[in-house]
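In what follows, a single structure is set out as structure tokens and then discussed.
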Amino acid sequence: ALVMSIAILFFLPILHTSKSQGLQFYPMNQILFWYMFIIVILLTWIGARPVEDPYILTGQILTMLYFLYYIINPIVSKIWDKTLNY
């Protein structure tokens, strides 16, 4: 999971197949961006907490949400492209 959390960032330019380059044309992706921003902030905070019961579960849930973002974001982009008939 640690290696994939960094390696996935290297594959983003290859996997980016949206018709438009900017996020200003994708309102749902703008929401997902801020969702990701909050997840990263919370993961940073959880990483500084001691390894105890509530923090372990919270870290696992946030990690799943972190990786889920990289699955949901391209799907939402493709749906939005089809909606706009690109």
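FYI, nothing fancy with the structure tokens labels: chains A, B, ... in order, residues from 1 per chain, ligands from 1 as they appear.
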
(request) Determine which residues of chain A DSSP labels as helix (DSSP H, G or I) from the backbone of this structure, then write them out as an MDAnalysis selection string. (result) chainID A and resid 2:15 23:25 27:47 53:83

Can you pull out every residue within 9 Å of A:Thr58, counting only C-alpha atoms, but drop anything in the same chain fewer than 4 positions away, and send it as a PDB file with all heavy atoms, in the first residue's frame?
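Here's the written file part_20.pdb:
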ATOM      1  N   LEU A  43      -5.177  11.819   6.529  1.00  0.00           N
ATOM      2  CA  LEU A  43      -4.168  10.753   6.581  1.00  0.00           C
ATOM      3  C   LEU A  43      -2.870  11.247   7.204  1.00  0.00           C
ATOM      4  O   LEU A  43      -2.202  10.507   7.933  1.00  0.00           O
ATOM      5  CB  LEU A  43      -3.903  10.197   5.175  1.00  0.00           C
ATOM      6  CG  LEU A  43      -4.891   9.158   4.671  1.00  0.00           C
ATOM      7  CD1 LEU A  43      -4.652   8.876   3.201  1.00  0.00           C
ATOM      8  CD2 LEU A  43      -4.801   7.891   5.483  1.00  0.00           C
ATOM      9  N   ILE A  46      -3.621  11.350  10.908  1.00  0.00           N
ATOM     10  CA  ILE A  46      -3.678   9.991  11.465  1.00  0.00           C
ATOM     11  C   ILE A  46      -2.279   9.391  11.576  1.00  0.00           C
ATOM     12  O   ILE A  46      -1.984   8.650  12.511  1.00  0.00           O
ATOM     13  CB  ILE A  46      -4.598   9.095  10.597  1.00  0.00           C
ATOM     14  CG1 ILE A  46      -6.051   9.427  10.865  1.00  0.00           C
ATOM     15  CG2 ILE A  46      -4.363   7.623  10.821  1.00  0.00           C
ATOM     16  CD1 ILE A  46      -6.536   9.077  12.249  1.00  0.00           C
ATOM     17  N   ASP A  53      -6.424   1.815  19.060  1.00  0.00           N
ATOM     18  CA  ASP A  53      -7.632   1.277  18.451  1.00  0.00           C
ATOM     19  C   ASP A  53      -8.417   2.245  17.561  1.00  0.00           C
ATOM     20  O   ASP A  53      -8.652   1.910  16.413  1.00  0.00           O
ATOM     21  CB  ASP A  53      -8.535   0.701  19.537  1.00  0.00           C
ATOM     22  CG  ASP A  53      -9.646  -0.148  18.964  1.00  0.00           C
ATOM     23  OD1 ASP A  53      -9.479  -0.630  17.832  1.00  0.00           O
ATOM     24  OD2 ASP A  53     -10.666  -0.307  19.636  1.00  0.00           O
ATOM     25  N   PRO A  54      -8.839   3.410  17.981  1.00  0.00           N
ATOM     26  CA  PRO A  54      -9.669   4.189  17.039  1.00  0.00           C
ATOM     27  C   PRO A  54      -8.882   4.717  15.843  1.00  0.00           C
ATOM     28  O   PRO A  54      -9.425   4.885  14.744  1.00  0.00           O
ATOM     29  CB  PRO A  54     -10.209   5.336  17.888  1.00  0.00           C
ATOM     30  CG  PRO A  54      -9.234   5.485  18.987  1.00  0.00           C
ATOM     31  CD  PRO A  54      -8.694   4.103  19.241  1.00  0.00           C
ATOM     32  N   LEU A  62      -9.586   5.644   5.781  1.00  0.00           N
ATOM     33  CA  LEU A  62      -9.074   6.743   4.967  1.00  0.00           C
ATOM     34  C   LEU A  62      -8.177   6.249   3.839  1.00  0.00           C
ATOM     35  O   LEU A  62      -8.177   6.819   2.747  1.00  0.00           O
ATOM     36  CB  LEU A  62      -8.318   7.741   5.853  1.00  0.00           C
ATOM     37  CG  LEU A  62      -9.186   8.594   6.776  1.00  0.00           C
ATOM     38  CD1 LEU A  62      -8.318   9.388   7.736  1.00  0.00           C
ATOM     39  CD2 LEU A  62     -10.086   9.510   5.975  1.00  0.00           C
ATOM     40  N   THR A  63      -7.431   5.183   4.089  1.00  0.00           N
ATOM     41  CA  THR A  63      -6.589   4.607   3.038  1.00  0.00           C
ATOM     42  C   THR A  63      -7.436   4.023   1.916  1.00  0.00           C
ATOM     43  O   THR A  63      -7.134   4.215   0.735  1.00  0.00           O
ATOM     44  CB  THR A  63      -5.670   3.523   3.635  1.00  0.00           C
ATOM     45  OG1 THR A  63      -4.868   4.111   4.650  1.00  0.00           O
ATOM     46  CG2 THR A  63      -4.771   2.916   2.570  1.00  0.00           C
TER      47      THR A  63
END

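Note that atom CA of A:Met36 and atom CA of A:Leu68 are 9.8 Å apart.
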
(request) Determine, counting only C-alpha atoms, which protein, DNA and RNA residues have an atom within 10 Å of an atom of A:Asn73; residues of the same chain fewer than 4 positions away are not included. Present the result as an MDAnalysis selection string. (result) chainID A and resid 16 28:30 32:33 68:69 77:78

(message) When you count only C-alpha atoms, which of these residues is closest to A:Leu2: A:Ile61, A:Ile38, A:Pro27, A:Tyr66?
(response)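 Checking each candidate against A:Leu2, we get A:Tyr66 as the closest.
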
When you look at A:Trp45 with a cut-off of 10 Å (counting only C-alpha atoms), what residues show up, excluding the ones that are within fewer than 5 positions of it in the same chain? I need them as a compact mmCIF listing (two decimals) with N, CA, C and O atoms, in the first residue's frame.
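Everything below was put into out-v9.txt:
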# COMPACT_ATOMS: atom_id res chain seq x y z
N ILE A 39 -8.91 14.11 2.49
CA ILE A 39 -8.40 12.77 2.80
C ILE A 39 -6.90 12.81 3.09
O ILE A 39 -6.42 12.20 4.05
N VAL A 40 -6.14 13.53 2.27
CA VAL A 40 -4.69 13.62 2.47
C VAL A 40 -4.37 14.32 3.79
O VAL A 40 -3.48 13.89 4.53
N TYR A 55 -7.59 4.95 16.02
CA TYR A 55 -6.78 5.51 14.94
C TYR A 55 -6.45 4.48 13.87
O TYR A 55 -6.30 4.82 12.70
N GLY A 59 -7.49 5.09 10.05
CA GLY A 59 -6.45 5.07 9.03
C GLY A 59 -6.76 4.10 7.91
O GLY A 59 -6.51 4.38 6.74

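The space separating atom CA of A:Phe25 from atom CA of A:Lys82 comes to 12.9 Å.
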
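Take the candidates A:Leu42, A:Leu9, A:Ile31, A:Val3 and check each one against A:Val76 using only C-alpha atoms; the shortest distance goes to A:Ile31.
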